[in-house]
Protein chains: 2
Amino acid sequence: LSATPPAPGTQRPRGRTERVRQAVLAATRSELAGSGYAALTVDRVAEAAGVAKSTVYRRWRDTAGLLLELLDDLSTSEIPFADTGSVDEDARALAVGIAHLYSDHVAGTMVLALIAEAVHNATVADELRRFWAVRNDRAAEIVRAGVAAGQLPDGTDPVEVIRAIGAPIYYRLLVTREPVDRTVAERAADAALAAARAGTLDTSPRPEG
Amino acid sequence: LSATPPAPGTQRPRGRTERVRQAVLAATRSELAGSGYAALTVDRVAEAAGVAKSTVYRRWRDTAGLLLELLDDLSTSEIPFADTGSVDEDARALAVGIAHLYSDHVAGTMVLALIAEAVHNATVADELRRFWAVRNDRAAEIVRAGVAAGQLPDGTDPVEVIRAIGAPIYYRLLVTREPVDRTVAERAADAALAAARAGTLDTSPRPEG
């Protein structure tokens, strides 16, 4: 939207970097859809993307790095944060977005594979921890807006509400291996807000019970 | 405690089966503690337990089978269900028991390894689903008692409350890789019961939002 021409050496590299990223993302998705996680290798992705292997190794290091890039991309594109003016509606939209992401076989399998990888790989675990810290803090905007609008009590811990919305969905997907649908998602959102309204998700120090 | 002698062919085999099970469990724990999950093999466990490999393969099939046996044993021994007369106290005891199990490095790593394995192994996923269905239904007794005592509303879904107690703990362990302590556990229990008291964890059909 700016008429100012890009400074030399800024626009083109950024554009090329982004094109490489998109090609690698598309190749990673395609490889996962076609051959599954077990067959995913950096070499195959580089070849399918038409990008030099050295570039892919340098930027993403390994398949876990590719999956983290895809997770970041999916979270941003597939689970937009709603801003309806109602924290209840926004929370339901977030929960339904999470459930919907995992109803997509490729994306869901990919994120679960990354979580599984983190169990055995401390580097991936650290990267996941960082990813979720940023992601959940951004999602917490819907809770902060709800507190500001008087829809949730002062002192509500915004990130804790976000954890509470997602937790029952991931619990089913990973632990009990139970199906997740819109009803499950909406119930997760409703339960999280009910818990917040009862003052159980606040930021104050809690006495030992 | 019975003075009646065991019928021939019942006591000895049962005793021997249980001794084999205990030896294999101890060897599995020891191997996990000493060498970690990556080095766990049926052969090593059989050797450490002093049990024929064929017996271990026949009864547990693979390392996932060994981990499921250990999970079953740990759940029963490490997370006893409280019955204090207060569903709030019982729920907190359950949550603290879960958190405590994962603060034990070997046990925690083992269960997380099993959950990770299930992501790539449909047989293990099915076995985990069955395990949790039984386990959570048993844990739900504390919720049923709370409903019967008028401490939770009629129509509360007992298993859903159990899921809600565990979910924030597993979410931190597996997804966001955040630490879990007694405060986290007690908050999970308190939030689950608050959500139940608000009627969000009931068994009635829910309209689409």
# chains A, B, ... in the order shown; residues from 1 in each chain; ligands from 1
>>> residues_around(residues="Glu186 (chain B)", least_positions_apart="3", cutoff="8 Å", atoms="only C-alpha atoms", output="PyMOL selection string")
(chain A and resi 209) or (chain B and resi 92+95-96+182-183+189-190)
>>> closest_atom_pairs(of="chain B", to="chain A", cutoff="6 Å", atoms="only C-alpha atoms", output="JSON lines")
{"residue": "B:Ala116", "atom": "CA", "partner": "A:Ala116", "partner_atom": "CA", "distance": 4.2}
{"residue": "B:Arg129", "atom": "CA", "partner": "A:Thr176", "partner_atom": "CA", "distance": 5.1}
{"residue": "B:Trp132", "atom": "CA", "partner": "A:Thr176", "partner_atom": "CA", "distance": 5.6}
{"residue": "B:Ala167", "atom": "CA", "partner": "A:Ala167", "partner_atom": "CA", "distance": 5.2}
{"residue": "B:Pro168", "atom": "CA", "partner": "A:Ala167", "partner_atom": "CA", "distance": 5.3}
{"residue": "B:Tyr171", "atom": "CA", "partner": "A:Ala167", "partner_atom": "CA", "distance": 5.2}
{"residue": "B:Thr176", "atom": "CA", "partner": "A:Arg129", "partner_atom": "CA", "distance": 5.1}
{"residue": "B:Arg177", "atom": "CA", "partner": "A:Arg129", "partner_atom": "CA", "distance": 5.4}
{"residue": "B:Ala191", "atom": "CA", "partner": "A:Ala195", "partner_atom": "CA", "distance": 4.9}
{"residue": "B:Ala194", "atom": "CA", "partner": "A:Ala195", "partner_atom": "CA", "distance": 5.2}
{"residue": "B:Ala195", "atom": "CA", "partner": "A:Ala191", "partner_atom": "CA", "distance": 4.9}
{"residue": "B:Thr200", "atom": "CA", "partner": "A:Ala191", "partner_atom": "CA", "distance": 5.4}
>>> write_last_selection(atoms="all heavy atoms", output="JSON list (two decimals), in the first residue's frame")
[["chain", "number", "residue", "atom", "x", "y", "z"],
["B", 116, "ALA", "N", 3.48, -40.77, 23.15],
["B", 116, "ALA", "CA", 4.15, -40.42, 21.90],
["B", 116, "ALA", "C", 4.09, -41.58, 20.91],
["B", 116, "ALA", "O", 3.85, -41.39, 19.72],
["B", 116, "ALA", "CB", 5.60, -40.02, 22.18],
["B", 129, "ARG", "N", -6.66, -45.95, 24.47],
["B", 129, "ARG", "CA", -8.08, -45.53, 24.54],
["B", 129, "ARG", "C", -8.83, -46.45, 25.49],
["B", 129, "ARG", "O", -9.59, -45.98, 26.35],
["B", 129, "ARG", "CB", -8.69, -45.58, 23.13],
["B", 129, "ARG", "CG", -10.10, -44.98, 23.05],
["B", 129, "ARG", "CD", -10.66, -45.07, 21.64],
["B", 129, "ARG", "NE", -9.85, -44.34, 20.69],
["B", 129, "ARG", "CZ", -9.14, -44.88, 19.71],
["B", 129, "ARG", "NH1", -9.17, -46.19, 19.49],
["B", 129, "ARG", "NH2", -8.40, -44.13, 18.93],
["B", 132, "TRP", "N", -7.70, -45.80, 29.21],
["B", 132, "TRP", "CA", -8.24, -44.59, 29.82],
["B", 132, "TRP", "C", -9.75, -44.68, 30.03],
["B", 132, "TRP", "O", -10.28, -44.08, 30.96],
["B", 132, "TRP", "CB", -7.88, -43.35, 29.00],
["B", 132, "TRP", "CG", -6.43, -43.01, 29.14],
["B", 132, "TRP", "CD1", -5.45, -43.16, 28.20],
["B", 132, "TRP", "CD2", -5.78, -42.49, 30.31],
["B", 132, "TRP", "NE1", -4.24, -42.77, 28.72],
["B", 132, "TRP", "CE2", -4.41, -42.35, 30.00],
["B", 132, "TRP", "CE3", -6.23, -42.12, 31.58],
["B", 132, "TRP", "CZ2", -3.48, -41.85, 30.92],
["B", 132, "TRP", "CZ3", -5.30, -41.64, 32.49],
["B", 132, "TRP", "CH2", -3.95, -41.51, 32.16],
["B", 167, "ALA", "N", -6.93, -32.81, 32.32],
["B", 167, "ALA", "CA", -6.55, -32.16, 31.06],
["B", 167, "ALA", "C", -5.51, -31.04, 31.21],
["B", 167, "ALA", "O", -4.52, -31.02, 30.46],
["B", 167, "ALA", "CB", -7.80, -31.65, 30.33],
["B", 168, "PRO", "N", -5.68, -30.11, 32.18],
["B", 168, "PRO", "CA", -4.69, -29.03, 32.27],
["B", 168, "PRO", "C", -3.30, -29.52, 32.65],
["B", 168, "PRO", "O", -2.30, -28.88, 32.32],
["B", 168, "PRO", "CB", -5.25, -28.12, 33.38],
["B", 168, "PRO", "CG", -6.71, -28.47, 33.46],
["B", 168, "PRO", "CD", -6.78, -29.93, 33.13],
["B", 171, "TYR", "N", -1.93, -31.22, 29.43],
["B", 171, "TYR", "CA", -1.70, -30.15, 28.45],
["B", 171, "TYR", "C", -0.33, -29.50, 28.67],
["B", 171, "TYR", "O", 0.44, -29.29, 27.73],
["B", 171, "TYR", "CB", -2.82, -29.11, 28.58],
["B", 171, "TYR", "CG", -2.68, -27.91, 27.68],
["B", 171, "TYR", "CD1", -3.00, -27.98, 26.32],
["B", 171, "TYR", "CD2", -2.26, -26.68, 28.18],
["B", 171, "TYR", "CE1", -2.89, -26.87, 25.50],
["B", 171, "TYR", "CE2", -2.15, -25.57, 27.38],
["B", 171, "TYR", "CZ", -2.47, -25.66, 26.03],
["B", 171, "TYR", "OH", -2.36, -24.56, 25.22],
["B", 176, "THR", "N", 2.40, -27.66, 25.95],
["B", 176, "THR", "CA", 3.16, -26.43, 26.18],
["B", 176, "THR", "C", 4.46, -26.67, 26.92],
["B", 176, "THR", "O", 5.26, -25.77, 27.07],
["B", 176, "THR", "CB", 2.32, -25.40, 26.95],
["B", 176, "THR", "OG1", 1.89, -25.98, 28.19],
["B", 176, "THR", "CG2", 1.11, -24.98, 26.14],
["B", 177, "ARG", "N", 4.68, -27.91, 27.41],
["B", 177, "ARG", "CA", 5.92, -28.29, 28.09],
["B", 177, "ARG", "C", 6.21, -27.36, 29.26],
["B", 177, "ARG", "O", 7.36, -26.98, 29.49],
["B", 177, "ARG", "CB", 7.10, -28.27, 27.08],
["B", 177, "ARG", "CG", 6.81, -28.94, 25.75],
["B", 177, "ARG", "CD", 6.75, -30.42, 25.83],
["B", 177, "ARG", "NE", 7.86, -31.00, 26.53],
["B", 177, "ARG", "CZ", 8.15, -32.28, 26.53],
["B", 177, "ARG", "NH1", 7.41, -33.13, 25.85],
["B", 177, "ARG", "NH2", 9.16, -32.75, 27.21],
["B", 191, "ALA", "N", -10.99, -25.79, 39.23],
["B", 191, "ALA", "CA", -11.62, -25.28, 38.01],
["B", 191, "ALA", "C", -12.62, -26.28, 37.45],
["B", 191, "ALA", "O", -13.71, -25.90, 36.99],
["B", 191, "ALA", "CB", -10.55, -24.94, 36.97],
["B", 194, "ALA", "N", -15.72, -26.14, 39.60],
["B", 194, "ALA", "CA", -16.45, -24.88, 39.35],
["B", 194, "ALA", "C", -17.22, -24.97, 38.04],
["B", 194, "ALA", "O", -18.38, -24.54, 37.95],
["B", 194, "ALA", "CB", -15.48, -23.70, 39.33],
["B", 195, "ALA", "N", -16.58, -25.55, 37.03],
["B", 195, "ALA", "CA", -17.25, -25.71, 35.73],
["B", 195, "ALA", "C", -18.44, -26.65, 35.85],
["B", 195, "ALA", "O", -19.50, -26.42, 35.26],
["B", 195, "ALA", "CB", -16.26, -26.22, 34.69],
["B", 200, "THR", "N", -21.72, -26.67, 33.14],
["B", 200, "THR", "CA", -21.11, -26.79, 31.80],
["B", 200, "THR", "C", -20.58, -28.20, 31.52],
["B", 200, "THR", "O", -20.18, -28.49, 30.40],
["B", 200, "THR", "CB", -19.93, -25.79, 31.61],
["B", 200, "THR", "OG1", -18.91, -26.09, 32.56],
["B", 200, "THR", "CG2", -20.40, -24.36, 31.77]]
>>> closest_residue(among="A:Phe81, A:Gly155, A:Val24, A:Tyr102", to="Val51 (chain A)", atoms="only C-alpha atoms")
A:Val24
>>> residues_around(residues="Ile162 (chain A)", least_positions_apart="6", cutoff="8 Å", atoms="only C-alpha atoms", output="VMD selection string")
chain A and resid 136 139 to 140 143
>>> write_last_selection(atoms="C-alpha atoms", output="PDB file, in the first residue's frame")
ATOM      1  CA  ASN A 136      -1.070 -18.469  24.044  1.00  0.00           C
ATOM      2  CA  ALA A 139      -4.664 -15.759  22.150  1.00  0.00           C
ATOM      3  CA  ALA A 140      -5.039 -14.321  25.652  1.00  0.00           C
ATOM      4  CA  VAL A 143      -9.563 -12.856  27.635  1.00  0.00           C
TER       5      VAL A 143
END
>>> atom_distance(atom1="CA of Ala23 (chain B)", atom2="CA of Ala48 (chain B)")
8.5 Å
>>> atom_distance(atom1="CA of Ala49 (chain B)", atom2="CA of Ala99 (chain B)")
29.0 Å
>>> closest_residue(among="B:Thr203, B:Ser86, B:Thr41, B:Thr76", to="Ile98 (chain B)", atoms="only C-alpha atoms")
B:Thr76
>>> residues_around(residues="Glu31 (chain B)", least_positions_apart="2", cutoff="9 Å", atoms="only C-alpha atoms", output="list in words")
Ala26, Ala27, Thr28, Arg29, Ala33, Gly34, Ser35, Gly36, Tyr37, Ala39, Leu40, Thr41, Arg44, Val45 and Ala48 of chain B
>>> write_last_selection(atoms="N, CA, C and O atoms", output="compact mmCIF listing (two decimals), in the first residue's frame")
# COMPACT_ATOMS: atom_id res chain seq x y z
N ALA B 26 9.61 -54.72 37.23
CA ALA B 26 10.81 -54.19 37.88
C ALA B 26 11.92 -53.99 36.86
O ALA B 26 12.64 -52.98 36.89
N ALA B 27 12.07 -54.97 35.95
CA ALA B 27 13.12 -54.86 34.94
C ALA B 27 12.83 -53.70 33.98
O ALA B 27 13.75 -52.97 33.57
N THR B 28 11.57 -53.51 33.63
CA THR B 28 11.21 -52.42 32.73
C THR B 28 11.52 -51.07 33.39
O THR B 28 12.13 -50.18 32.77
N ARG B 29 11.13 -50.93 34.65
CA ARG B 29 11.45 -49.70 35.39
C ARG B 29 12.95 -49.47 35.44
O ARG B 29 13.44 -48.36 35.23
N ALA B 33 15.04 -46.44 33.88
CA ALA B 33 15.81 -45.55 34.76
C ALA B 33 17.27 -45.51 34.35
O ALA B 33 17.91 -44.46 34.40
N GLY B 34 17.81 -46.67 33.94
CA GLY B 34 19.24 -46.75 33.66
C GLY B 34 19.60 -46.28 32.27
O GLY B 34 20.57 -45.55 32.09
N SER B 35 18.82 -46.71 31.28
CA SER B 35 19.22 -46.47 29.89
C SER B 35 18.22 -45.64 29.10
O SER B 35 18.51 -45.23 27.98
N GLY B 36 17.05 -45.43 29.66
CA GLY B 36 16.06 -44.61 28.97
C GLY B 36 15.21 -45.39 28.00
O GLY B 36 15.49 -46.55 27.68
N TYR B 37 14.19 -44.72 27.51
CA TYR B 37 13.23 -45.38 26.63
C TYR B 37 13.85 -45.83 25.31
O TYR B 37 13.53 -46.90 24.80
N ALA B 39 16.61 -47.04 24.59
CA ALA B 39 17.38 -48.29 24.66
C ALA B 39 16.53 -49.47 25.12
O ALA B 39 17.02 -50.60 25.22
N LEU B 40 15.24 -49.22 25.40
CA LEU B 40 14.39 -50.30 25.91
C LEU B 40 14.09 -51.32 24.82
O LEU B 40 13.64 -50.97 23.74
N THR B 41 14.37 -52.59 25.10
CA THR B 41 13.99 -53.66 24.17
C THR B 41 13.40 -54.80 25.00
O THR B 41 13.69 -54.94 26.19
N ARG B 44 16.23 -57.07 26.37
CA ARG B 44 16.93 -56.57 27.56
C ARG B 44 16.08 -56.75 28.80
O ARG B 44 16.57 -57.10 29.87
N VAL B 45 14.78 -56.46 28.67
CA VAL B 45 13.88 -56.60 29.82
C VAL B 45 13.80 -58.06 30.25
O VAL B 45 13.88 -58.39 31.44
N ALA B 48 17.04 -58.98 32.03
CA ALA B 48 17.14 -58.37 33.36
C ALA B 48 16.14 -59.00 34.33
O ALA B 48 16.40 -59.08 35.54
>>> select_by_dssp(residues="chain A", states="alpha helix (DSSP H)", output="PyMOL selection string")
chain A and resi 11-35+42-49+53-60+63-78+87-103+105-120+122-139+141-148+158-170+182-197
>>> residues_around(residues="Ala46 (chain B)", least_positions_apart="6", cutoff="7 Å", atoms="only C-alpha atoms", output="ChimeraX atom specification")
/B:24,52-53,56
>>> closest_residue(among="A:Pro179, A:Gly15, A:Pro158, A:Pro153", to="Ala91 (chain A)", atoms="only C-alpha atoms")
A:Pro158
>>> decode(residues="region 24-61 of chain A", atoms="N, CA, C and O atoms", output="mmCIF file, in the first residue's frame")
data_model
loop_
_atom_site.group_PDB
_atom_site.id
_atom_site.type_symbol
_atom_site.label_atom_id
_atom_site.label_comp_id
_atom_site.auth_asym_id
_atom_site.auth_seq_id
_atom_site.Cartn_x
_atom_site.Cartn_y
_atom_site.Cartn_z
ATOM 1 N N VAL A 24 8.726 -24.534 0.701
ATOM 2 C CA VAL A 24 9.097 -25.584 1.658
ATOM 3 C C VAL A 24 7.873 -26.021 2.470
ATOM 4 O O VAL A 24 7.670 -27.216 2.721
ATOM 5 N N LEU A 25 7.038 -25.051 2.855
ATOM 6 C CA LEU A 25 5.799 -25.396 3.572
ATOM 7 C C LEU A 25 4.906 -26.277 2.711
ATOM 8 O O LEU A 25 4.377 -27.297 3.187
ATOM 9 N N ALA A 26 4.739 -25.888 1.446
ATOM 10 C CA ALA A 26 3.868 -26.658 0.547
ATOM 11 C C ALA A 26 4.420 -28.070 0.357
ATOM 12 O O ALA A 26 3.668 -29.051 0.356
ATOM 13 N N ALA A 27 5.741 -28.170 0.206
ATOM 14 C CA ALA A 27 6.362 -29.488 0.016
ATOM 15 C C ALA A 27 6.216 -30.342 1.276
ATOM 16 O O ALA A 27 5.971 -31.548 1.196
ATOM 17 N N THR A 28 6.355 -29.700 2.445
ATOM 18 C CA THR A 28 6.220 -30.450 3.699
ATOM 19 C C THR A 28 4.798 -30.992 3.838
ATOM 20 O O THR A 28 4.586 -32.169 4.161
ATOM 21 N N ARG A 29 3.816 -30.135 3.573
ATOM 22 C CA ARG A 29 2.415 -30.574 3.601
ATOM 23 C C ARG A 29 2.178 -31.723 2.634
ATOM 24 O O ARG A 29 1.531 -32.710 2.967
ATOM 25 N N SER A 30 2.703 -31.566 1.425
ATOM 26 C CA SER A 30 2.477 -32.561 0.379
ATOM 27 C C SER A 30 3.120 -33.897 0.740
ATOM 28 O O SER A 30 2.516 -34.960 0.567
ATOM 29 N N GLU A 31 4.347 -33.833 1.265
ATOM 30 C CA GLU A 31 5.026 -35.061 1.676
ATOM 31 C C GLU A 31 4.264 -35.752 2.809
ATOM 32 O O GLU A 31 4.111 -36.968 2.828
ATOM 33 N N LEU A 32 3.785 -34.944 3.761
ATOM 34 C CA LEU A 32 3.034 -35.520 4.885
ATOM 35 C C LEU A 32 1.742 -36.159 4.394
ATOM 36 O O LEU A 32 1.357 -37.236 4.840
ATOM 37 N N ALA A 33 1.076 -35.486 3.469
ATOM 38 C CA ALA A 33 -0.192 -36.008 2.950
ATOM 39 C C ALA A 33 0.036 -37.267 2.136
ATOM 40 O O ALA A 33 -0.747 -38.213 2.187
ATOM 41 N N GLY A 34 1.131 -37.297 1.381
ATOM 42 C CA GLY A 34 1.359 -38.411 0.468
ATOM 43 C C GLY A 34 1.994 -39.611 1.133
ATOM 44 O O GLY A 34 1.566 -40.753 0.921
ATOM 45 N N SER A 35 3.006 -39.369 1.933
ATOM 46 C CA SER A 35 3.804 -40.480 2.462
ATOM 47 C C SER A 35 3.779 -40.568 3.983
ATOM 48 O O SER A 35 4.256 -41.551 4.554
ATOM 49 N N GLY A 36 3.273 -39.544 4.647
ATOM 50 C CA GLY A 36 3.180 -39.594 6.104
ATOM 51 C C GLY A 36 4.452 -39.117 6.778
ATOM 52 O O GLY A 36 5.487 -38.911 6.134
ATOM 53 N N TYR A 37 4.362 -38.984 8.075
ATOM 54 C CA TYR A 37 5.466 -38.432 8.852
ATOM 55 C C TYR A 37 6.694 -39.324 8.823
ATOM 56 O O TYR A 37 7.825 -38.850 8.758
ATOM 57 N N ALA A 38 6.471 -40.636 8.865
ATOM 58 C CA ALA A 38 7.602 -41.561 8.969
ATOM 59 C C ALA A 38 8.541 -41.424 7.779
ATOM 60 O O ALA A 38 9.742 -41.654 7.898
ATOM 61 N N ALA A 39 7.993 -41.048 6.630
ATOM 62 C CA ALA A 39 8.817 -40.953 5.416
ATOM 63 C C ALA A 39 9.351 -39.545 5.195
ATOM 64 O O ALA A 39 10.072 -39.289 4.221
ATOM 65 N N LEU A 40 9.010 -38.614 6.078
ATOM 66 C CA LEU A 40 9.428 -37.224 5.881
ATOM 67 C C LEU A 40 10.928 -37.072 6.108
ATOM 68 O O LEU A 40 11.449 -37.484 7.149
ATOM 69 N N THR A 41 11.619 -36.523 5.128
ATOM 70 C CA THR A 41 13.035 -36.204 5.307
ATOM 71 C C THR A 41 13.278 -34.807 4.744
ATOM 72 O O THR A 41 12.537 -34.335 3.870
ATOM 73 N N VAL A 42 14.329 -34.162 5.252
ATOM 74 C CA VAL A 42 14.697 -32.839 4.738
ATOM 75 C C VAL A 42 15.023 -32.933 3.252
ATOM 76 O O VAL A 42 14.619 -32.066 2.459
ATOM 77 N N ASP A 43 15.706 -33.992 2.849
ATOM 78 C CA ASP A 43 16.086 -34.141 1.444
ATOM 79 C C ASP A 43 14.862 -34.207 0.532
ATOM 80 O O ASP A 43 14.823 -33.570 -0.523
ATOM 81 N N ARG A 44 13.865 -34.993 0.929
ATOM 82 C CA ARG A 44 12.655 -35.115 0.096
ATOM 83 C C ARG A 44 11.925 -33.793 -0.005
ATOM 84 O O ARG A 44 11.397 -33.427 -1.059
ATOM 85 N N VAL A 45 11.855 -33.070 1.117
ATOM 86 C CA VAL A 45 11.164 -31.779 1.115
ATOM 87 C C VAL A 45 11.911 -30.794 0.216
ATOM 88 O O VAL A 45 11.300 -30.073 -0.590
ATOM 89 N N ALA A 46 13.237 -30.770 0.339
ATOM 90 C CA ALA A 46 14.034 -29.851 -0.481
ATOM 91 C C ALA A 46 13.819 -30.142 -1.966
ATOM 92 O O ALA A 46 13.608 -29.227 -2.772
ATOM 93 N N GLU A 47 13.835 -31.423 -2.316
ATOM 94 C CA GLU A 47 13.654 -31.799 -3.721
ATOM 95 C C GLU A 47 12.261 -31.399 -4.223
ATOM 96 O O GLU A 47 12.110 -30.792 -5.280
ATOM 97 N N ALA A 48 11.234 -31.722 -3.402
ATOM 98 C CA ALA A 48 9.860 -31.403 -3.811
ATOM 99 C C ALA A 48 9.645 -29.898 -3.904
ATOM 100 O O ALA A 48 8.846 -29.418 -4.706
ATOM 101 N N ALA A 49 10.351 -29.142 -3.078
ATOM 102 C CA ALA A 49 10.192 -27.688 -3.074
ATOM 103 C C ALA A 49 11.036 -27.019 -4.150
ATOM 104 O O ALA A 49 10.849 -25.835 -4.433
ATOM 105 N N GLY A 50 11.981 -27.759 -4.734
ATOM 106 C CA GLY A 50 12.888 -27.157 -5.703
ATOM 107 C C GLY A 50 13.850 -26.170 -5.058
ATOM 108 O O GLY A 50 14.200 -25.148 -5.641
ATOM 109 N N VAL A 51 14.242 -26.484 -3.822
ATOM 110 C CA VAL A 51 15.128 -25.601 -3.064
ATOM 111 C C VAL A 51 16.389 -26.396 -2.722
ATOM 112 O O VAL A 51 16.317 -27.599 -2.479
ATOM 113 N N ALA A 52 17.526 -25.746 -2.704
ATOM 114 C CA ALA A 52 18.778 -26.428 -2.375
ATOM 115 C C ALA A 52 18.693 -27.058 -0.985
ATOM 116 O O ALA A 52 18.212 -26.424 -0.046
ATOM 117 N N LYS A 53 19.162 -28.300 -0.897
ATOM 118 C CA LYS A 53 19.146 -28.974 0.400
ATOM 119 C C LYS A 53 19.851 -28.148 1.462
ATOM 120 O O LYS A 53 19.411 -28.064 2.612
ATOM 121 N N SER A 54 20.979 -27.550 1.090
ATOM 122 C CA SER A 54 21.774 -26.795 2.077
ATOM 123 C C SER A 54 20.936 -25.652 2.664
ATOM 124 O O SER A 54 21.054 -25.331 3.848
ATOM 125 N N THR A 55 20.078 -25.049 1.825
ATOM 126 C CA THR A 55 19.224 -23.960 2.312
ATOM 127 C C THR A 55 18.238 -24.485 3.353
ATOM 128 O O THR A 55 18.024 -23.865 4.400
ATOM 129 N N VAL A 56 17.643 -25.633 3.049
ATOM 130 C CA VAL A 56 16.633 -26.181 3.964
ATOM 131 C C VAL A 56 17.291 -26.604 5.273
ATOM 132 O O VAL A 56 16.782 -26.313 6.357
ATOM 133 N N TYR A 57 18.454 -27.272 5.174
ATOM 134 C CA TYR A 57 19.155 -27.685 6.403
ATOM 135 C C TYR A 57 19.566 -26.463 7.235
ATOM 136 O O TYR A 57 19.466 -26.456 8.455
ATOM 137 N N ARG A 58 20.059 -25.421 6.547
ATOM 138 C CA ARG A 58 20.553 -24.251 7.277
ATOM 139 C C ARG A 58 19.394 -23.557 8.015
ATOM 140 O O ARG A 58 19.515 -23.152 9.153
ATOM 141 N N ARG A 59 18.253 -23.475 7.339
ATOM 142 C CA ARG A 59 17.173 -22.678 7.918
ATOM 143 C C ARG A 59 16.290 -23.485 8.871
ATOM 144 O O ARG A 59 15.796 -22.966 9.857
ATOM 145 N N TRP A 60 16.071 -24.780 8.554
ATOM 146 C CA TRP A 60 15.128 -25.558 9.379
ATOM 147 C C TRP A 60 15.787 -26.720 10.104
ATOM 148 O O TRP A 60 15.158 -27.378 10.895
ATOM 149 N N ARG A 61 17.016 -27.030 9.760
ATOM 150 C CA ARG A 61 17.840 -28.024 10.449
ATOM 151 C C ARG A 61 17.378 -29.464 10.282
ATOM 152 O O ARG A 61 18.126 -30.318 9.847
#
